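Trainee: Next comes query15.tsv, TSV, C-alpha atoms:
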chain	number	residue	atom	x	y	z
A	475	MET	CA	134.68	144.68	175.99
A	476	ILE	CA	131.18	145.02	174.61
A	477	LEU	CA	128.47	142.41	175.26
A	478	ASP	CA	124.85	142.33	174.16
A	479	LEU	CA	123.34	141.14	177.43
A	480	HIS	CA	119.79	140.49	176.23
A	481	THR	CA	119.10	138.36	173.15
A	482	HIS	CA	116.59	135.72	172.08
A	483	SER	CA	117.22	132.96	169.56
A	484	ASP	CA	114.72	130.61	167.96
A	485	ALA	CA	114.73	128.66	171.22
A	486	SER	CA	112.33	131.34	172.48
A	487	ASP	CA	108.71	131.05	171.37
A	488	ASP	CA	108.63	134.54	169.87
A	489	SER	CA	111.96	134.61	168.01
A	490	ARG	CA	112.89	133.08	164.67
A	491	ALA	CA	116.59	133.99	164.79
A	492	PRO	CA	119.10	131.11	164.73
A	493	VAL	CA	122.20	131.71	166.84
A	494	GLU	CA	124.57	131.20	163.92
A	495	THR	CA	122.70	133.75	161.82
A	496	TYR	CA	123.16	136.29	164.63
A	497	LEU	CA	126.88	135.62	164.48
A	498	LYS	CA	127.01	135.91	160.70
A	499	TRP	CA	125.23	139.26	160.94
A	500	LEU	CA	127.60	140.54	163.62
A	501	ALA	CA	130.62	139.37	161.62
A	502	ARG	CA	129.35	141.28	158.57
A	503	LYS	CA	128.47	144.41	160.57
A	504	ARG	CA	131.57	144.53	162.73
A	505	ASP	CA	132.42	148.06	161.61
A	506	VAL	CA	129.15	149.48	162.99
A	507	LEU	CA	128.36	146.82	165.62
A	508	PRO	CA	131.62	146.12	167.50
A	509	ILE	CA	130.07	143.40	169.66
A	510	ASP	CA	132.52	141.01	171.35
A	511	GLY	CA	129.89	138.67	172.70
A	512	ILE	CA	126.22	137.96	173.24
A	513	VAL	CA	124.23	136.51	176.10
A	514	LEU	CA	121.30	134.31	175.09
A	515	THR	CA	118.49	135.04	177.53
A	516	GLU	CA	115.69	132.81	176.31
A	517	HIS	CA	112.21	133.38	177.70
A	518	ARG	CA	111.18	131.30	180.72
A	519	GLN	CA	113.66	128.50	180.18
A	520	TRP	CA	117.13	127.22	180.86
A	521	ASN	CA	118.64	124.70	178.49
A	522	PRO	CA	122.40	124.36	178.86
A	523	ALA	CA	122.62	121.34	176.55
A	524	GLN	CA	123.41	123.26	173.37
A	525	ASP	CA	127.16	123.55	172.76
A	526	TYR	CA	128.15	126.78	171.00
A	527	ARG	CA	131.96	126.41	171.23
A	528	ARG	CA	132.35	125.64	167.52
A	529	LEU	CA	130.41	128.78	166.62
A	530	GLU	CA	132.38	130.87	169.11
A	531	ASP	CA	135.66	129.69	167.58
A	532	HIS	CA	134.49	130.13	164.01
A	533	TYR	CA	133.10	133.65	164.41
A	534	GLY	CA	135.31	134.89	167.23
A	535	ILE	CA	132.31	136.00	169.27
A	536	LEU	CA	131.72	134.99	172.88
A	537	ILE	CA	128.38	133.25	173.54
A	538	LEU	CA	127.12	133.15	177.10
A	539	ARG	CA	123.78	132.07	178.47
A	540	GLY	CA	121.29	133.46	180.92
A	541	ALA	CA	117.51	133.54	181.06
A	542	GLU	CA	114.64	136.01	181.08
A	543	VAL	CA	112.10	135.15	183.74
A	544	GLU	CA	108.78	136.76	184.60
A	545	THR	CA	107.94	138.08	188.04
A	546	ASP	CA	105.48	140.14	190.00
A	547	TYR	CA	107.68	143.19	189.24
A	548	GLY	CA	108.11	142.49	185.55
A	549	HIS	CA	110.74	140.66	183.57
A	550	VAL	CA	114.16	139.91	185.04
A	551	LEU	CA	117.38	138.78	183.37
A	552	VAL	CA	119.21	136.05	185.27
A	553	TYR	CA	122.94	135.50	184.73
A	554	GLY	CA	124.98	132.73	186.28
A	555	VAL	CA	122.16	130.21	186.20
A	556	ASN	CA	123.15	126.98	187.94
A	557	ALA	CA	121.52	123.85	189.31
A	558	ASP	CA	120.72	125.48	192.64
A	559	ILE	CA	118.85	128.27	190.90
A	560	THR	CA	116.90	125.98	188.58
A	561	ARG	CA	115.99	123.75	191.53
A	562	ARG	CA	114.69	126.74	193.45
A	563	PHE	CA	112.77	128.44	190.64
A	564	ASP	CA	110.47	127.13	187.93
A	565	PHE	CA	111.46	129.43	185.07
A	566	SER	CA	108.21	128.73	183.24
A	567	ASP	CA	106.22	130.28	186.11
A	568	VAL	CA	105.19	133.79	185.05
A	569	ARG	CA	104.32	134.74	188.63
A	570	LEU	CA	107.72	134.41	190.31
A	571	ALA	CA	108.32	136.70	193.28
A	572	ALA	CA	110.87	139.28	192.13
A	573	GLN	CA	112.29	139.85	195.60
A	574	GLU	CA	112.94	136.13	195.99
A	575	VAL	CA	114.55	135.93	192.56
A	576	ILE	CA	116.85	138.92	193.16
A	577	THR	CA	117.89	137.75	196.64
A	578	ALA	CA	118.17	134.01	196.06
A	579	VAL	CA	119.95	134.24	192.72
A	580	THR	CA	122.60	136.44	194.32
A	581	HIS	CA	123.00	134.02	197.22
A	582	MET	CA	123.33	131.14	194.76
A	583	GLY	CA	126.14	132.77	192.83
A	584	GLY	CA	124.33	134.61	190.08
A	585	ILE	CA	122.81	138.01	189.52
A	586	ALA	CA	119.32	139.07	188.46
A	587	LEU	CA	118.66	142.39	186.75
A	588	PRO	CA	115.24	143.85	185.96
A	589	CYS	CA	114.96	144.43	182.21
A	590	HIS	CA	113.06	147.01	180.17
A	591	PRO	CA	111.96	148.75	183.39
A	592	GLY	CA	110.08	151.45	181.48
A	593	ARG	CA	107.56	149.13	179.88
A	594	PRO	CA	104.00	149.03	181.20
A	595	THR	CA	102.99	145.91	183.15
A	596	ILE	CA	106.32	144.08	182.70
A	597	GLY	CA	108.71	146.82	183.79
A	598	LEU	CA	109.91	147.90	187.22
A	599	CYS	CA	108.71	151.52	186.94
A	600	ALA	CA	105.05	150.55	186.72
A	601	HIS	CA	105.33	148.32	189.78
A	602	TYR	CA	107.32	150.84	191.84
A	603	ALA	CA	104.37	153.19	191.41
A	604	THR	CA	102.22	150.93	193.56
A	605	LYS	CA	104.58	148.63	195.49
A	606	PRO	CA	107.70	149.03	197.62
A	607	PRO	CA	111.08	148.87	195.89
A	608	ILE	CA	112.92	145.57	195.64
A	609	GLU	CA	115.96	145.22	197.85
A	610	GLY	CA	119.28	144.12	196.43
A	611	VAL	CA	118.88	145.36	192.87
A	612	VAL	CA	122.38	146.09	191.56
A	613	ALA	CA	121.57	147.30	188.06
A	614	VAL	CA	118.70	147.65	185.62
A	615	GLU	CA	118.54	147.47	181.85
A	616	ALA	CA	118.41	151.18	181.19
A	617	LEU	CA	118.80	150.77	177.45
A	618	ASN	CA	116.63	148.15	175.73
A	619	GLY	CA	116.61	147.84	171.96
A	620	GLY	CA	113.01	146.65	171.85
A	621	SER	CA	111.49	149.41	173.93
A	622	ARG	CA	109.08	151.92	172.50
A	623	ARG	CA	109.48	155.68	172.52
A	624	GLY	CA	109.69	157.02	176.06
A	625	GLU	CA	110.15	153.62	177.75
A	626	ASN	CA	113.95	153.84	178.09
A	627	GLU	CA	113.72	157.49	179.16
A	628	ARG	CA	111.39	156.49	182.00
A	629	VAL	CA	114.18	154.44	183.58
A	630	GLN	CA	116.42	157.41	184.31
A	631	HIS	CA	114.59	158.40	187.48
A	632	LEU	CA	115.03	154.86	188.87
A	633	ILE	CA	118.76	155.13	188.41
A	634	GLU	CA	118.91	158.54	190.00
A	635	ARG	CA	116.58	157.74	192.89
A	636	TYR	CA	117.85	154.27	193.79
A	637	GLY	CA	121.44	154.44	192.60
A	638	TYR	CA	121.13	151.49	190.28
A	639	ARG	CA	123.84	150.81	187.76
A	640	ALA	CA	122.80	150.65	184.12
A	641	VAL	CA	123.23	148.02	181.44
A	642	GLY	CA	122.06	147.78	177.84
A	643	GLY	CA	120.86	144.98	175.60
A	644	SER	CA	119.23	144.66	172.21
A	645	ASP	CA	116.39	142.35	173.32
A	646	SER	CA	116.71	141.07	169.78
A	647	HIS	CA	114.18	138.64	168.40
A	648	LEU	CA	115.19	139.32	164.80
A	649	VAL	CA	118.61	138.87	163.28
A	650	SER	CA	118.96	142.50	162.22
A	651	HIS	CA	118.37	143.71	165.80
A	652	ILE	CA	121.28	141.92	167.40
A	653	GLY	CA	123.82	144.23	169.00
A	654	ILE	CA	121.93	147.49	168.45
A	655	CYS	CA	122.14	148.12	172.19
A	656	ALA	CA	124.77	146.58	174.44
A	657	THR	CA	126.94	147.02	177.53
A	658	GLU	CA	130.55	148.15	177.53
A	659	PHE	CA	132.68	146.68	180.31
A	660	ASP	CA	135.99	148.08	181.51
A	661	ARG	CA	137.31	144.56	181.99
A	662	ASP	CA	137.57	141.54	179.74
A	663	ILE	CA	135.01	138.79	180.27
A	664	HIS	CA	135.62	135.21	179.21
A	665	ASP	CA	132.82	133.25	180.83
A	666	VAL	CA	129.57	133.68	182.71
A	667	GLU	CA	131.28	133.64	186.12
A	668	GLU	CA	133.35	136.65	185.11
A	669	LEU	CA	130.20	138.31	183.77
A	670	VAL	CA	128.45	137.88	187.11
A	671	GLN	CA	131.49	139.24	188.96
A	672	ALA	CA	131.68	142.22	186.64
A	673	LEU	CA	127.99	143.02	186.98
A	674	HIS	CA	128.29	142.98	190.77
A	675	ALA	CA	131.50	145.01	190.76
A	676	GLY	CA	130.59	147.83	188.36
A	677	GLY	CA	132.65	149.42	185.64
A	678	TYR	CA	130.16	149.17	182.76
A	679	ARG	CA	127.69	151.28	180.88
A	680	PRO	CA	125.06	150.91	178.17
A	681	VAL	CA	126.02	151.70	174.60
A	682	ASP	CA	123.64	152.44	171.75
A	683	PHE	CA	124.56	151.54	168.17
A	684	ARG	CA	121.26	152.47	166.57
A	685	ASN	CA	121.29	154.91	163.68
A	686	GLY	CA	124.86	153.95	162.89
A	687	LEU	CA	126.15	156.11	165.71
A	688	ARG	CA	127.68	154.99	168.94
A	689	GLN	CA	126.05	156.73	171.87
A	690	GLY	CA	127.17	155.97	175.40
A	691	ALA	CA	124.95	156.51	178.41
A	692	ARG	CA	127.08	156.93	181.48
B	125	MET	CA	90.83	137.90	183.39
B	126	THR	CA	93.35	135.23	182.44
B	127	VAL	CA	92.26	132.06	180.72
B	128	SER	CA	93.98	129.01	182.14
B	129	PHE	CA	94.08	125.53	180.70
B	130	ASP	CA	94.57	122.11	182.18
B	131	ARG	CA	98.08	121.09	181.14
B	132	SER	CA	97.15	117.41	181.43
B	133	ILE	CA	95.69	117.66	177.91
B	134	ILE	CA	99.21	118.17	176.48
B	135	GLY	CA	99.99	115.31	174.14
B	136	ARG	CA	96.37	114.32	173.76
B	137	GLU	CA	95.21	113.55	170.21
B	138	PHE	CA	92.00	115.37	169.35
B	139	ASP	CA	91.69	114.77	165.63
B	140	HIS	CA	92.64	112.05	163.13
B	141	THR	CA	91.39	112.63	159.61
B	142	GLU	CA	92.09	110.94	156.29
B	143	LEU	CA	91.44	113.45	153.55
B	144	GLU	CA	90.13	113.03	150.02
B	145	PRO	CA	92.83	112.42	147.39
B	146	ILE	CA	94.58	115.61	146.29
B	147	THR	CA	93.67	116.59	142.73
B	148	ALA	CA	95.79	118.29	140.10
B	149	GLU	CA	93.10	120.96	139.82
B	150	GLU	CA	93.48	121.88	143.49
B	151	ILE	CA	97.23	122.23	143.10
B	152	LEU	CA	96.95	124.26	139.90
B	153	GLU	CA	94.39	126.54	141.51
B	154	PHE	CA	96.70	127.09	144.49
B	155	ILE	CA	99.64	127.85	142.20
B	156	ALA	CA	97.52	130.39	140.34
B	157	VAL	CA	96.41	132.27	143.45
B	158	THR	CA	100.00	132.54	144.69
B	159	GLY	CA	100.67	134.70	141.63
B	160	GLU	CA	102.99	132.26	139.91
B	161	THR	CA	103.48	133.42	136.30
B	162	GLU	CA	105.53	130.49	135.02
B	163	PRO	CA	103.46	127.86	133.17
B	164	PRO	CA	102.83	124.77	135.30
B	165	PRO	CA	104.86	121.64	134.57
B	166	ALA	CA	103.41	118.56	132.95
B	167	LEU	CA	101.01	116.64	135.17
B	168	ALA	CA	103.56	113.89	135.82
B	169	ASP	CA	105.97	116.46	137.28
B	170	LEU	CA	103.40	118.52	139.15
B	171	VAL	CA	104.04	119.08	142.86
B	172	ALA	CA	102.23	121.44	145.18
B	173	PRO	CA	103.96	124.57	146.50
B	174	PRO	CA	105.15	123.88	150.07
B	175	THR	CA	102.54	126.14	151.67
B	176	PHE	CA	99.76	124.15	150.01
B	177	VAL	CA	99.83	122.02	153.14
B	178	VAL	CA	98.13	124.77	155.19
B	179	ARG	CA	94.95	123.85	153.29
B	180	VAL	CA	94.88	120.58	155.20
B	181	ARG	CA	92.01	120.69	157.64
B	182	GLY	CA	91.05	117.94	160.01
B	183	GLN	CA	87.51	117.57	161.24
B	184	ARG	CA	88.26	119.37	164.49
B	185	PHE	CA	90.35	122.54	164.68
B	186	VAL	CA	90.59	122.77	168.47
B	187	PRO	CA	90.27	120.11	171.15
B	188	PRO	CA	86.86	119.84	172.78
B	189	ASN	CA	88.30	121.15	176.07
B	190	LEU	CA	88.93	124.51	174.38
B	191	ALA	CA	85.70	124.66	172.42
B	192	GLY	CA	84.06	127.04	174.89
B	193	VAL	CA	86.83	129.59	174.56
B	194	THR	CA	85.88	132.15	171.96
B	195	SER	CA	88.46	134.91	172.42
B	196	GLY	CA	91.44	133.14	170.83
B	197	LEU	CA	93.85	134.93	168.55
B	198	ASP	CA	95.92	133.31	165.81
B	199	ALA	CA	99.45	133.82	167.12
B	200	GLY	CA	101.18	132.33	164.11
B	201	LYS	CA	102.30	128.96	162.88
B	202	ASP	CA	105.57	127.13	162.33
B	203	ILE	CA	105.75	124.55	159.56
B	204	GLU	CA	108.39	121.90	159.10
B	205	PHE	CA	108.11	120.73	155.51
B	206	GLY	CA	108.65	117.12	154.54
B	207	VAL	CA	108.10	115.32	151.24
B	208	PRO	CA	106.20	117.21	148.52
B	209	ILE	CA	102.50	116.76	147.83
B	210	ARG	CA	101.57	115.36	144.41
B	211	PRO	CA	98.23	114.76	142.67
B	212	GLY	CA	96.61	111.59	143.94
B	213	ASP	CA	98.21	111.74	147.36
B	214	VAL	CA	95.95	110.73	150.20
B	215	LEU	CA	96.91	112.80	153.23
B	216	THR	CA	96.22	112.01	156.84
B	217	SER	CA	96.34	114.68	159.53
B	218	VAL	CA	96.73	113.91	163.20
B	219	SER	CA	96.37	116.77	165.65
B	220	THR	CA	97.49	116.93	169.27
B	221	VAL	CA	97.84	119.58	171.95
B	222	HIS	CA	101.59	120.12	171.79
B	223	ASP	CA	102.13	122.77	174.48
B	224	ILE	CA	100.37	125.11	176.84
B	225	TYR	CA	102.15	128.01	178.47
B	226	GLU	CA	101.71	131.51	179.81
B	227	LYS	CA	103.68	134.67	179.24
B	228	THR	CA	103.40	138.28	180.27
B	229	GLY	CA	103.57	141.29	177.99
B	230	ARG	CA	102.76	144.97	178.04
B	231	SER	CA	99.05	144.12	178.16
B	232	GLY	CA	99.23	141.50	180.91
B	233	ILE	CA	99.17	137.71	181.15
B	234	MET	CA	98.43	135.68	178.03
B	235	SER	CA	97.84	131.95	177.69
B	236	PHE	CA	99.14	130.11	174.65
B	237	VAL	CA	98.09	126.76	173.25
B	238	VAL	CA	100.18	125.11	170.55
B	239	LEU	CA	98.24	122.66	168.39
B	240	ARG	CA	100.49	120.31	166.41
B	241	THR	CA	99.23	118.68	163.24
B	242	VAL	CA	101.36	115.99	161.63
B	243	VAL	CA	100.48	115.38	157.99
B	244	THR	CA	101.54	112.13	156.29
B	245	ASN	CA	100.83	110.66	152.87
B	246	GLN	CA	99.58	107.23	151.82
B	247	ARG	CA	103.13	105.85	152.04
B	248	GLY	CA	103.48	107.01	155.62
B	249	GLU	CA	105.97	109.70	154.63
B	250	GLN	CA	105.88	112.90	156.65
B	251	VAL	CA	104.55	115.78	154.57
B	252	ALA	CA	104.58	118.46	157.24
B	253	VAL	CA	104.48	119.23	160.93
B	254	ILE	CA	102.34	122.31	161.56
B	255	ASP	CA	102.47	124.02	164.94
B	256	GLN	CA	99.54	126.41	165.23
B	257	ARG	CA	99.88	128.84	168.13
B	258	MET	CA	96.70	130.26	169.65
B	259	MET	CA	96.65	133.04	172.23
B	260	PHE	CA	93.88	133.39	174.80
B	261	ARG	CA	93.21	135.82	177.59
As a first step, turn the structure in this file into structure tokens.
Mentor:
Amino acid sequence: MILDLHTHSDASDDSRAPVETYLKWLARKRDVLPIDGIVLTEHRQWNPAQDYRRLEDHYGILILRGAEVETDYGHVLVYGVNADITRRFDFSDVRLAAQEVITAVTHMGGIALPCHPGRPTIGLCAHYATKPPIEGVVAVEALNGGSRRGENERVQHLIERYGYRAVGGSDSHLVSHIGICATEFDRDIHDVEELVQALHAGGYRPVDFRNGLRQGAR
Amino acid sequence: MTVSFDRSIIGREFDHTELEPITAEEILEFIAVTGETEPPPALADLVAPPTFVVRVRGQRFVPPNLAGVTSGLDAGKDIEFGVPIRPGDVLTSVSTVHDIYEKTGRSGIMSFVVLRTVVTNQRGEQVAVIDQRMMFR
């Protein structure tokens, strides 16, 4: 099963992509973008009110929700967001403590993964150069569709040195970017609880659909 | 250095302006500069192109609390279009501070202020809601 774990819809301040238009695009591009589902990870917010079941049924694409929060070690994707987590953390705070987020989210039933680690200022690599590593990191977003040249490559040493697992996501803010990078899971995933379990358990890898070619990164 | 703003100003109105009546000449001039090659319709059928509304300017562009900040960057605008503008319309613009937030990017922390201008006509119909995003650092 292939999920794009990092997407932004027009609910984020810097995206103009409606969720349904993402799904229309994926439905049209299914031959080159075999994406089974997307995870909406809007910036600095959690709004579970929107009901996407009709769209899921119509397009046959799973829609899950997470969030992208901002910490003292860069940006972090949070999956399995629940009331305990939103009570503990103000997602609009751009100065969250990464160690607290990683540890507490796990204790509260979710998982938090540093994203685009190779980016300056907002990626893990830059912070590991001057600060101690974060404990409890399970995986990092080794393949990010919005990263610039060299930024994804920089992540490889983190994976080798710290034994992190790797995921991929498009980080799409535009309709035509959805699904260009994603994560292939060995198991089927039907809801966010199963996603969290799978991310903790392993058995996944980033996949790259840019340039019309599928490239896995094991 | 990061610029920070007092979030208590969110929702505060900082400008309320009734503009001069819109003239046909203004609309025709705007149509011309957009590169439209079709001849304009008869005056009775003339309406302004939707983006004409960005010409609307109140008396104050930013709230007085932000007036000392000089390093702002236009970070784009969202416009929700309402009823069309026609010659003779008298527009009123009301501007408020709609949102203030921070985000981090490759270059560090940025502060954003969203200024919302609601434009109505003489019948009280909504012509547009313009959210102007300004970035400061």
Trainee: For CA of Phe565 (chain A) and CA of Glu627 (chain A), quote the distance in Å rounded to one decimal.
Mentor: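 Separating CA of Phe565 (chain A) from CA of Glu627 (chain A) is a distance of 28.8 Å.
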Trainee: As an exercise, work out the distance from CA of Pro174 (chain B) to CA of Met258 (chain B) in Å and give it to one decimal place.
Mentor: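 Answer for the CA of Pro174 (chain B) to CA of Met258 (chain B) separation: 22.3 Å.
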Trainee: Tell me which protein, DNA and RNA residues are within 9 Å of region 678-680 of chain A, counting all atoms listed in the file, leaving out same-chain ones fewer than 6 positions away, and put them as a PDB file with C-alpha atoms, keeping the file's coordinate frame.
Mentor:
ATOM      1  CA  GLU A 615     118.540 147.470 181.850  1.00  0.00           C
ATOM      2  CA  ALA A 616     118.410 151.180 181.190  1.00  0.00           C
ATOM      3  CA  LEU A 617     118.800 150.770 177.450  1.00  0.00           C
ATOM      4  CA  ARG A 639     123.840 150.810 187.760  1.00  0.00           C
ATOM      5  CA  ALA A 640     122.800 150.650 184.120  1.00  0.00           C
ATOM      6  CA  VAL A 641     123.230 148.020 181.440  1.00  0.00           C
ATOM      7  CA  GLY A 642     122.060 147.780 177.840  1.00  0.00           C
ATOM      8  CA  GLY A 643     120.860 144.980 175.600  1.00  0.00           C
ATOM      9  CA  CYS A 655     122.140 148.120 172.190  1.00  0.00           C
ATOM     10  CA  ALA A 656     124.770 146.580 174.440  1.00  0.00           C
ATOM     11  CA  THR A 657     126.940 147.020 177.530  1.00  0.00           C
ATOM     12  CA  GLU A 658     130.550 148.150 177.530  1.00  0.00           C
ATOM     13  CA  PHE A 659     132.680 146.680 180.310  1.00  0.00           C
ATOM     14  CA  ASP A 660     135.990 148.080 181.510  1.00  0.00           C
ATOM     15  CA  ARG A 661     137.310 144.560 181.990  1.00  0.00           C
ATOM     16  CA  ALA A 672     131.680 142.220 186.640  1.00  0.00           C
ATOM     17  CA  GLN A 689     126.050 156.730 171.870  1.00  0.00           C
ATOM     18  CA  GLY A 690     127.170 155.970 175.400  1.00  0.00           C
ATOM     19  CA  ALA A 691     124.950 156.510 178.410  1.00  0.00           C
ATOM     20  CA  ARG A 692     127.080 156.930 181.480  1.00  0.00           C
TER      21      ARG A 692
END
Trainee: By how many Å are CA of Gly619 (chain A) and CA of Ile652 (chain A) apart?
Mentor: 8.8 Å
Trainee: With 12 Å as the limit and counting all atoms listed in the file, what residues in chain B lie close to chain A? Please list them as a list in words.
Mentor: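 Putting it all together, I get Ala199, Gly200, Lys201, Asp202, Asp223, Ile224, Tyr225, Glu226, Lys227, Thr228, Gly229, Arg230, Ser231, Gly232, Ile233, Met234, Ser235, Phe236, Val237, Val238, Asp255, Gln256 and Arg257 of chain B.
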Trainee: For the point (125.8, 130.2, 176.7) in the file's frame, write as a list in words all residues with an atom no more than 10 Å away, counting only C-alpha atoms.
Mentor: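 All residues meeting the 10 Å criterion around (125.8, 130.2, 176.7) are Ile512, Val513, Leu514, Thr515, Asn521, Pro522, Ala523, Gln524, Asp525, Tyr526, Arg527, Leu536, Ile537, Leu538, Arg539, Gly540, Ala541, Gly554, Asp665 and Val666 of chain A.
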Trainee: Within 10 Å of Val171 (chain B), counting only C-alpha atoms, which residues qualify if same-chain residues fewer than 4 places away don't, as a VMD selection string?
Mentor: chain B and resid 148 151 to 152 155 164 to 167 176 208 to 211
Trainee: Emit the selected residues as an mmCIF file, in the frame of the given file, including C-alpha atoms.
Mentor:
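Output (again-v8.cif):
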data_model
loop_
_atom_site.group_PDB
_atom_site.id
_atom_site.type_symbol
_atom_site.label_atom_id
_atom_site.label_comp_id
_atom_site.auth_asym_id
_atom_site.auth_seq_id
_atom_site.Cartn_x
_atom_site.Cartn_y
_atom_site.Cartn_z
ATOM 1 C CA ALA B 148 95.790 118.290 140.100
ATOM 2 C CA ILE B 151 97.230 122.230 143.100
ATOM 3 C CA LEU B 152 96.950 124.260 139.900
ATOM 4 C CA ILE B 155 99.640 127.850 142.200
ATOM 5 C CA PRO B 164 102.830 124.770 135.300
ATOM 6 C CA PRO B 165 104.860 121.640 134.570
ATOM 7 C CA ALA B 166 103.410 118.560 132.950
ATOM 8 C CA LEU B 167 101.010 116.640 135.170
ATOM 9 C CA PHE B 176 99.760 124.150 150.010
ATOM 10 C CA PRO B 208 106.200 117.210 148.520
ATOM 11 C CA ILE B 209 102.500 116.760 147.830
ATOM 12 C CA ARG B 210 101.570 115.360 144.410
ATOM 13 C CA PRO B 211 98.230 114.760 142.670
#
Trainee: Could you tell me, as a list in words, which residues have any atom at most 8 Å from (99.7, 112.3, 150.2), counting only C-alpha atoms?
Mentor: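 Those residues, ordered by chain and then number, are Pro145, Ile146, Ile209, Arg210, Gly212, Asp213, Val214, Leu215, Thr216, Thr244, Asn245, Gln246, Arg247 and Val251 of chain B.
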Trainee: Residues near Asp130 (chain B), anyone? I mean within 10 Å using all atoms listed in the file, not counting same-chain ones fewer than 4 positions away, as a list in words.
Mentor: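 So, after excluding close chain neighbours, the residues are Ile134, Asn189, Leu190 and Ile224 of chain B.
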Trainee: Dump C-alpha atoms for the selected residues as a CSV table (one decimal), in the frame of the given file?
Mentor:
chain,number,residue,atom,x,y,z
B,134,ILE,CA,99.2,118.2,176.5
B,189,ASN,CA,88.3,121.2,176.1
B,190,LEU,CA,88.9,124.5,174.4
B,224,ILE,CA,100.4,125.1,176.8
Trainee: Excluding same-chain residues fewer than 3 positions from Val177 (chain B), what lies within 9 Å of it counting all atoms listed in the file, as a CSV table (one decimal) with C-alpha atoms, in the frame of the given file?
Mentor:
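The result, written out as result-v1.csv:
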chain,number,residue,atom,x,y,z
B,172,ALA,CA,102.2,121.4,145.2
B,173,PRO,CA,104.0,124.6,146.5
B,174,PRO,CA,105.2,123.9,150.1
B,180,VAL,CA,94.9,120.6,155.2
B,205,PHE,CA,108.1,120.7,155.5
B,209,ILE,CA,102.5,116.8,147.8
B,243,VAL,CA,100.5,115.4,158.0
B,251,VAL,CA,104.6,115.8,154.6
B,252,ALA,CA,104.6,118.5,157.2
B,254,ILE,CA,102.3,122.3,161.6
Trainee: Could you name the residues that touch Gly182 (chain B) at 9 Å or less, counting all atoms listed in the file, but leaving out those on the same chain fewer than 2 positions away, as a list of chain:residue names?
Mentor: B:Asp139, B:His140, B:Thr141, B:Glu142, B:Leu143, B:Val180, B:Arg184, B:Phe185, B:Thr216, B:Ser217, B:Val218, B:Ser219, B:Thr241
